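Pasted below: run.csv, CSV, C-alpha atoms and all ligand atoms.
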```csv
chain,number,residue,atom,x,y,z
A,1,MET,CA,35.4,34.5,76.7
A,2,THR,CA,39.1,34.6,75.6
A,3,PRO,CA,39.2,34.5,71.8
A,4,LYS,CA,40.1,31.1,70.4
A,5,LEU,CA,42.3,30.9,67.3
A,6,HIS,CA,41.9,27.7,65.3
A,7,ILE,CA,45.1,27.0,63.5
A,8,GLY,CA,46.7,24.2,61.4
A,9,ASP,CA,50.0,22.4,61.9
A,10,ARG,CA,52.7,25.1,62.6
A,11,ASN,CA,55.1,23.5,60.1
A,12,TYR,CA,52.7,23.7,57.2
A,13,SER,CA,49.9,26.2,57.9
A,14,SER,CA,51.1,29.4,56.4
A,15,TRP,CA,47.7,31.1,56.6
A,16,SER,CA,47.6,30.3,60.4
A,17,MET,CA,51.0,31.7,61.1
A,18,ARG,CA,50.0,35.2,59.9
A,19,PRO,CA,47.2,36.1,62.4
A,20,TRP,CA,48.9,34.1,65.2
A,21,LEU,CA,51.9,36.4,64.8
A,22,ALA,CA,49.7,39.5,64.6
A,23,LEU,CA,47.8,38.6,67.8
A,24,ARG,CA,51.0,37.8,69.6
A,25,MET,CA,52.8,40.9,68.4
A,26,GLY,CA,49.8,43.0,69.4
A,27,GLY,CA,49.7,41.5,72.9
A,28,VAL,CA,46.2,40.3,72.4
A,29,ALA,CA,45.2,37.4,74.7
A,30,PHE,CA,43.9,34.3,72.9
A,31,ASP,CA,43.8,30.5,73.3
A,32,GLU,CA,44.8,28.4,70.3
A,33,VAL,CA,43.3,25.1,69.0
A,34,MET,CA,45.5,23.1,66.7
A,35,HIS,CA,44.0,21.1,63.8
A,36,GLN,CA,45.8,18.7,61.5
A,37,LEU,CA,45.8,19.9,57.9
A,38,PRO,CA,44.6,17.3,55.4
A,39,GLU,CA,46.7,15.2,53.0
A,40,MET,CA,45.9,15.8,49.3
A,41,GLY,CA,42.3,15.1,48.6
A,42,GLY,CA,41.4,14.7,52.3
A,43,LYS,CA,38.5,16.7,53.6
A,44,PRO,CA,39.0,18.1,57.1
A,45,ALA,CA,36.1,18.8,59.4
A,46,PHE,CA,37.0,22.5,59.5
A,47,GLY,CA,33.4,23.3,58.7
A,48,ALA,CA,32.7,22.7,62.4
A,49,VAL,CA,35.0,25.6,63.4
A,50,SER,CA,34.9,28.0,60.5
A,51,PRO,CA,32.3,29.3,58.1
A,52,ASN,CA,34.7,28.9,55.1
A,53,GLU,CA,35.9,25.5,56.2
A,54,ARG,CA,39.5,26.7,56.5
A,55,VAL,CA,41.9,27.6,59.2
A,56,PRO,CA,42.7,30.1,60.6
A,57,ALA,CA,39.4,31.1,62.2
A,58,LEU,CA,39.0,33.3,65.3
A,59,ASP,CA,36.1,32.3,67.6
A,60,LEU,CA,35.0,35.4,69.6
A,61,GLY,CA,32.2,33.6,71.4
A,62,GLY,CA,28.5,34.2,71.2
A,63,GLY,CA,28.4,32.5,67.8
A,64,VAL,CA,30.9,35.0,66.2
A,65,VAL,CA,33.7,33.3,64.2
A,66,ILE,CA,36.0,35.4,62.0
A,67,PRO,CA,37.6,33.4,59.1
A,68,GLU,CA,40.3,34.7,56.8
A,69,SER,CA,43.8,35.5,57.9
A,70,LEU,CA,43.7,39.2,56.9
A,71,ALA,CA,40.4,39.8,58.5
A,72,ILE,CA,41.7,38.3,61.8
A,73,CYS,CA,44.8,40.5,61.5
A,74,GLU,CA,42.5,43.5,61.1
A,75,TRP,CA,40.5,42.5,64.2
A,76,ALA,CA,43.9,42.3,66.1
A,77,ALA,CA,44.6,45.8,64.9
A,78,GLU,CA,41.2,47.0,66.2
A,79,GLN,CA,42.5,45.8,69.7
A,80,GLN,CA,46.0,47.1,69.1
A,81,PRO,CA,46.2,49.9,66.5
A,82,SER,CA,50.1,49.9,66.5
A,83,LEU,CA,49.9,46.7,64.4
A,84,TRP,CA,49.5,49.1,61.5
A,85,PRO,CA,52.0,52.0,60.9
A,86,ALA,CA,51.0,55.3,62.5
A,87,ASP,CA,51.7,57.4,59.4
A,88,ALA,CA,48.6,57.3,57.0
A,89,THR,CA,50.6,56.9,53.8
A,90,ALA,CA,52.7,54.1,55.3
A,91,ARG,CA,49.5,52.5,56.7
A,92,ALA,CA,47.9,52.5,53.2
A,93,LEU,CA,51.0,51.0,51.7
A,94,ALA,CA,51.2,48.4,54.4
A,95,ARG,CA,47.6,47.5,53.8
A,96,ALA,CA,48.3,47.2,50.0
A,97,ALA,CA,51.3,45.1,50.7
A,98,SER,CA,49.2,42.8,52.8
A,99,ALA,CA,46.5,42.6,50.2
A,100,ILE,CA,49.1,41.8,47.5
A,101,MET,CA,50.3,38.9,49.5
A,102,HIS,CA,46.8,37.7,50.4
A,103,SER,CA,45.7,37.5,46.8
A,104,GLY,CA,48.9,37.0,44.9
A,105,PHE,CA,52.1,35.0,44.3
A,106,ALA,CA,50.1,31.9,43.5
A,107,SER,CA,53.1,30.3,41.7
A,108,LEU,CA,55.4,30.8,44.6
A,109,ARG,CA,52.8,29.4,47.0
A,110,ASN,CA,52.2,26.5,44.8
A,111,ASP,CA,55.8,25.6,44.0
A,112,ALA,CA,57.2,26.2,47.5
A,113,PRO,CA,54.6,25.2,50.1
A,114,MET,CA,55.5,26.3,53.6
A,115,ASN,CA,57.5,23.6,55.4
A,116,ILE,CA,59.5,25.3,58.1
A,117,ARG,CA,61.5,22.2,59.1
A,118,ARG,CA,62.6,21.2,55.7
A,119,ARG,CA,65.9,22.2,54.0
A,120,SER,CA,65.7,21.7,50.2
A,121,ASP,CA,66.6,23.6,47.1
A,122,ALA,CA,64.8,25.6,44.5
A,123,SER,CA,65.0,22.8,41.8
A,124,ARG,CA,61.3,22.0,42.3
A,125,MET,CA,60.3,25.6,41.4
A,126,THR,CA,59.0,26.7,38.1
A,127,ALA,CA,60.1,29.8,36.3
A,128,ASP,CA,56.9,31.5,37.3
A,129,GLY,CA,57.5,30.6,41.0
A,130,LEU,CA,61.0,32.0,40.9
A,131,ALA,CA,59.7,35.1,39.2
A,132,ASP,CA,57.2,35.5,42.0
A,133,ALA,CA,60.0,35.2,44.5
A,134,ALA,CA,62.1,37.8,42.6
A,135,ARG,CA,59.1,40.1,42.7
A,136,VAL,CA,58.7,39.7,46.5
A,137,ASP,CA,62.4,40.4,46.9
A,138,ALA,CA,62.1,43.6,44.8
A,139,LEU,CA,59.0,44.7,46.8
A,140,TRP,CA,60.8,44.1,50.1
A,141,ARG,CA,63.7,46.2,48.9
A,142,GLU,CA,61.4,49.0,47.8
A,143,TRP,CA,59.5,49.0,51.1
A,144,LEU,CA,62.6,48.7,53.3
A,145,ALA,CA,64.3,51.6,51.4
A,146,ARG,CA,61.2,53.8,51.8
A,147,SER,CA,60.7,53.1,55.5
A,148,GLY,CA,64.3,52.8,56.5
A,149,GLY,CA,63.4,49.4,58.2
A,150,PRO,CA,64.1,47.4,60.2
A,151,PHE,CA,60.8,45.9,59.1
A,152,LEU,CA,58.9,46.5,55.9
A,153,PHE,CA,57.1,49.6,57.0
A,154,GLY,CA,59.4,50.7,59.8
A,155,ARG,CA,58.4,49.1,63.1
A,156,TRP,CA,56.9,45.6,62.8
A,157,SER,CA,53.4,45.6,61.3
A,158,ILE,CA,50.7,43.3,59.9
A,159,ALA,CA,52.5,43.5,56.6
A,160,ASP,CA,55.4,41.6,58.2
A,161,ALA,CA,53.0,39.0,59.5
A,162,MET,CA,51.6,38.5,56.0
A,163,TYR,CA,55.1,38.0,54.5
A,164,ALA,CA,56.4,35.8,57.4
A,165,PRO,CA,55.6,32.5,55.7
A,166,VAL,CA,57.4,33.7,52.6
A,167,VAL,CA,60.5,34.4,54.8
A,168,THR,CA,60.5,30.7,55.7
A,169,ARG,CA,60.1,29.6,52.1
A,170,PHE,CA,63.2,31.5,51.1
A,171,VAL,CA,65.1,29.6,53.7
A,172,THR,CA,63.4,26.1,53.1
A,173,TYR,CA,64.0,26.2,49.4
A,174,ALA,CA,67.3,28.2,49.3
A,175,ILE,CA,65.6,30.7,47.0
A,176,PRO,CA,68.1,33.2,45.5
A,177,ARG,CA,67.8,36.6,47.2
A,178,SER,CA,69.3,40.0,47.5
A,179,ALA,CA,71.5,41.2,50.4
A,180,GLU,CA,68.6,43.4,51.6
A,181,ALA,CA,66.2,40.5,51.5
A,182,GLN,CA,68.7,38.4,53.5
A,183,GLY,CA,68.9,41.1,56.1
A,184,TYR,CA,65.1,41.2,56.4
A,185,ILE,CA,65.0,37.4,56.7
A,186,ASP,CA,67.6,37.5,59.5
A,187,ARG,CA,65.7,40.2,61.4
A,188,MET,CA,62.4,38.3,61.1
A,189,TRP,CA,64.0,35.1,62.2
A,190,ALA,CA,65.4,36.8,65.3
A,191,GLU,CA,62.0,38.3,66.2
A,192,PRO,CA,60.9,36.4,69.4
A,193,HIS,CA,57.3,35.6,68.5
A,194,PHE,CA,58.4,34.4,65.0
A,195,ALA,CA,61.0,32.2,66.8
A,196,VAL,CA,58.4,30.7,69.0
A,197,TRP,CA,56.3,29.6,66.0
A,198,VAL,CA,59.4,28.2,64.3
A,199,LYS,CA,60.4,26.3,67.4
A,200,GLY,CA,56.8,24.9,67.6
A,201,ALA,CA,57.1,23.8,63.9
A,202,GLU,CA,60.4,22.1,64.6
A,203,ALA,CA,58.9,20.2,67.5
A,204,GLU,CA,56.1,18.8,65.4
A,205,THR,CA,56.6,15.2,64.1
A,206,ARG,CA,53.6,14.8,61.8
A,207,LYS,CA,54.6,14.7,58.1
A,208,LEU,CA,52.5,15.7,55.1
A,209,ALA,CA,53.6,13.7,52.2
A,210,ARG,CA,52.4,16.2,49.7
A,211,SER,CA,54.9,18.7,51.1
A,212,ASP,CA,57.7,16.5,52.4
A,213,GLN,CA,58.1,14.1,49.5
A,214,ALA,CA,57.7,16.3,46.5
B,301,LIG,N1,42.1,32.7,52.3
B,301,LIG,C1,42.2,31.9,53.5
B,301,LIG,C2,43.0,30.7,53.2
B,301,LIG,C3,43.0,29.7,54.3
B,301,LIG,C4,43.5,28.3,53.9
B,301,LIG,O1,43.5,28.0,52.7
B,301,LIG,N2,43.9,27.5,54.9
B,301,LIG,C5,44.3,26.2,54.7
B,301,LIG,C6,45.4,25.8,55.7
B,301,LIG,S1,46.8,26.9,55.6
B,301,LIG,C7,43.2,25.2,54.9
B,301,LIG,O2,42.4,25.4,55.8
B,301,LIG,N3,43.1,24.1,54.1
B,301,LIG,C8,42.2,23.1,54.3
B,301,LIG,C9,41.5,22.8,53.0
B,301,LIG,O3,41.9,23.3,52.0
B,301,LIG,O4,40.6,22.0,53.0
B,301,LIG,C10,42.9,32.8,54.6
B,301,LIG,O5,43.5,33.8,54.3
B,301,LIG,O6,42.7,32.5,55.8
```

Would you kindly transcribe this structure into structure tokens?
Amino acid sequence: MTPKLHIGDRNYSSWSMRPWLALRMGGVAFDEVMHQLPEMGGKPAFGAVSPNERVPALDLGGGVVIPESLAICEWAAEQQPSLWPADATARALARAASAIMHSGFASLRNDAPMNIRRRSDASRMTADGLADAARVDALWREWLARSGGPFLFGRWSIADAMYAPVVTRFVTYAIPRSAEAQGYIDRMWAEPHFAVWVKGAEAETRKLARSDQA
């Protein structure tokens, strides 16, 4: 069967955006199933599609469902190894960058939820959230300088998929950034698969009060 990727609303589901981009960039065929993310306190029925009751989840058929964005990206790289850099050192650094994103920057994620359609400012962000954003900016500069760009580790990789939702947060909340970060944001925004996701988010009409009104 064609793998089935369960995702949340494109405008809001940052974790869904990551493996969706990796699968698309890797040219891996998949069908997608959209689910509405819950309002605050709501309990979605994601247990029916994923063992960890979250999206994204990749259904491979035969009772095999892979949850967790980074694990799905790794599965995509098993199909298309060029989703990680060819050089072993760059590959290790790209994996570390992805793990940092997967487990870190909680204040940034909390203060600035992904909301691709929205244009706001950084006034809702705490000092910790802004410090997280400054740290992301510094890491992007370090990785771009080392690889020479145009993406974090040279050609586009899963590390870029992992940071894609942060790219949108810089834009949504007009977060201060360096010229190098701006260049990276512009290149990501121009990438065709990224643009397809953004277009989809812009076409959605459902609003999540916890993200749109705060
Ligand atoms: N660690 C998970 C996080 C997944 C996650 O939190 N997904 C959100 C949507 S972006 C979700 O399913 N939320 C539903 C809920 O919290 O009940 C991953 O990397 O995939």

With 10 Å as the cut-off and only C-alpha atoms and all ligand atoms counted, what is the closest atom pair between each nearby residue of chain A and ligand LIG 301 (chain B)? Distances in Å to one decimal, ordered by chain and number, as a Markdown table.
```
| residue | atom | partner | partner_atom | distance |
| --- | --- | --- | --- | --- |
| A:His6 | CA | B:LIG301 | O2 | 9.8 |
| A:Ile7 | CA | B:LIG301 | C6 | 7.9 |
| A:Gly8 | CA | B:LIG301 | C6 | 6.1 |
| A:Asp9 | CA | B:LIG301 | S1 | 8.4 |
| A:Arg10 | CA | B:LIG301 | S1 | 9.3 |
| A:Tyr12 | CA | B:LIG301 | S1 | 6.9 |
| A:Ser13 | CA | B:LIG301 | S1 | 3.9 |
| A:Ser14 | CA | B:LIG301 | S1 | 5.0 |
| A:Trp15 | CA | B:LIG301 | S1 | 4.4 |
| A:Ser16 | CA | B:LIG301 | S1 | 5.9 |
| A:Met17 | CA | B:LIG301 | S1 | 8.4 |
| A:Arg18 | CA | B:LIG301 | O5 | 8.7 |
| A:Pro19 | CA | B:LIG301 | O6 | 8.8 |
| A:His35 | CA | B:LIG301 | O2 | 9.2 |
| A:Gln36 | CA | B:LIG301 | C8 | 9.2 |
| A:Leu37 | CA | B:LIG301 | C8 | 6.0 |
| A:Pro38 | CA | B:LIG301 | C8 | 6.4 |
| A:Glu39 | CA | B:LIG301 | O4 | 9.1 |
| A:Met40 | CA | B:LIG301 | O3 | 8.9 |
| A:Gly41 | CA | B:LIG301 | O4 | 8.4 |
| A:Gly42 | CA | B:LIG301 | O4 | 7.4 |
| A:Lys43 | CA | B:LIG301 | O4 | 5.7 |
| A:Pro44 | CA | B:LIG301 | O4 | 5.9 |
| A:Ala45 | CA | B:LIG301 | O4 | 8.5 |
| A:Phe46 | CA | B:LIG301 | O2 | 7.2 |
| A:Gly47 | CA | B:LIG301 | O4 | 9.3 |
| A:Ser50 | CA | B:LIG301 | O2 | 9.2 |
| A:Asn52 | CA | B:LIG301 | C1 | 8.2 |
| A:Glu53 | CA | B:LIG301 | O2 | 6.5 |
| A:Arg54 | CA | B:LIG301 | O2 | 3.3 |
| A:Val55 | CA | B:LIG301 | O2 | 4.1 |
| A:Pro56 | CA | B:LIG301 | O6 | 5.4 |
| A:Ala57 | CA | B:LIG301 | O6 | 7.3 |
| A:Ile66 | CA | B:LIG301 | O6 | 9.6 |
| A:Pro67 | CA | B:LIG301 | O6 | 6.1 |
| A:Glu68 | CA | B:LIG301 | O6 | 3.4 |
| A:Ser69 | CA | B:LIG301 | O6 | 3.8 |
| A:Leu70 | CA | B:LIG301 | O5 | 6.0 |
| A:Ala71 | CA | B:LIG301 | O5 | 8.0 |
| A:Ile72 | CA | B:LIG301 | O6 | 8.4 |
| A:Cys73 | CA | B:LIG301 | O5 | 9.9 |
| A:Met101 | CA | B:LIG301 | O5 | 9.8 |
| A:His102 | CA | B:LIG301 | O5 | 6.4 |
| A:Ser103 | CA | B:LIG301 | N1 | 8.1 |
| A:Pro113 | CA | B:LIG301 | S1 | 9.7 |
| A:Met114 | CA | B:LIG301 | S1 | 8.9 |
| A:Met162 | CA | B:LIG301 | O5 | 9.5 |
```

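Nearest residue to Asp87 of chain A among A:Glu191, A:Val28, A:Leu144, A:Gly154 is A:Gly154, counting all atoms listed in the file.
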
Which distance in Å separates atom CA of Gly129 of chain A and atom CA of Arg109 of chain A, to one decimal?
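Calculated distance between atom CA of Gly129 of chain A and atom CA of Arg109 of chain A is 7.7 Å.
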
d(atom CA of Asp111 of chain A, atom CA of Met125 of chain A) in Å:
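Rounded to one decimal, the two atoms are 5.2 Å apart.
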
Give me, as a list in words, all polymer residues having an atom no more than 10 Å from Arg119 of chain A, counting all atoms listed in the file and skipping those fewer than 3 positions away in the same chain.
Asn115, Ile116, Arg169, Val171, Thr172, Tyr173 and Ala174 of chain A

*Residues near Ala133 of chain A, cut-off 8 Å, only C-alpha atoms, skip fewer than 2 positions along chain, as a list in words*: Phe105, Leu108, Gly129, Leu130, Ala131, Arg135, Val136, Asp137 and Ile175 of chain A

- Task: Rank A:Val196, A:Ala22, A:Ala138, A:Ile100 by their smallest atom-to-atom distance to Pro81 of chain A, using all atoms listed in the file, and report the top residue only.
- Result: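 Of the candidates, the smallest distance to Pro81 of chain A is held by A:Ala22.
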
Across A:Lys207, A:Arg187, A:Arg117, A:Arg177, the smallest distance to Asp160 of chain A, with only C-alpha atoms counted, is shown by A:Arg187

Q: Using all atoms listed in the file, determine which residues lie at most 12 Å from Arg146 of chain A, disregarding the query and same-chain residues fewer than 6 positions distant; provide the list as a PyMOL selection string.
A: chain A and resi 89-90+93-94+139-140+152-154

Between atom CA of Lys4 of chain A and atom CA of Trp20 of chain A lies a distance of 10.7 Å

Item checked: Selected residue, from A:Trp189, A:Trp84, A:Trp197, A:Trp75, that lies nearest to Arg155 of chain A when counting only C-alpha atoms ->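 Using only C-alpha atoms, the shortest distance to Arg155 of chain A belongs to A:Trp84.
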
Point to revise | Nearest to Asn110 of chain A by atom-to-atom distance, counting all atoms listed in the file, from A:Val166, A:Ala145, A:Leu58, A:Leu83 | key: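 Nearest candidate to Asn110 of chain A out of A:Val166, A:Ala145, A:Leu58, A:Leu83: A:Val166.
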
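When all atoms listed in the file are used to measure the gap to Pro165 of chain A, the shortest distance among A:Thr2, A:Thr205, A:Gln80, A:Asn11 belongs to A:Asn11.
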
> Can you tell me, as an MDAnalysis selection string, which residues sit within 9 Å of (62.6, 21.8, 42.0) in the file's frame, using all atoms listed in the file?
Replying inline: chainID A and resid 111:112 120:126 173 214

### Query
Can you tell me, as JSON, numbers by chain, what residues are no more than 9 Å from Met1 of chain A when counting all atoms listed in the file, ignoring any on the same chain fewer than 6 positions away?
{"A": [60, 61, 62]}

Pull C-alpha atoms from the residues just selected and write them as a CSV table (one decimal), in the frame of the given file.
```
chain,number,residue,atom,x,y,z
A,60,LEU,CA,35.0,35.4,69.6
A,61,GLY,CA,32.2,33.6,71.4
A,62,GLY,CA,28.5,34.2,71.2
```
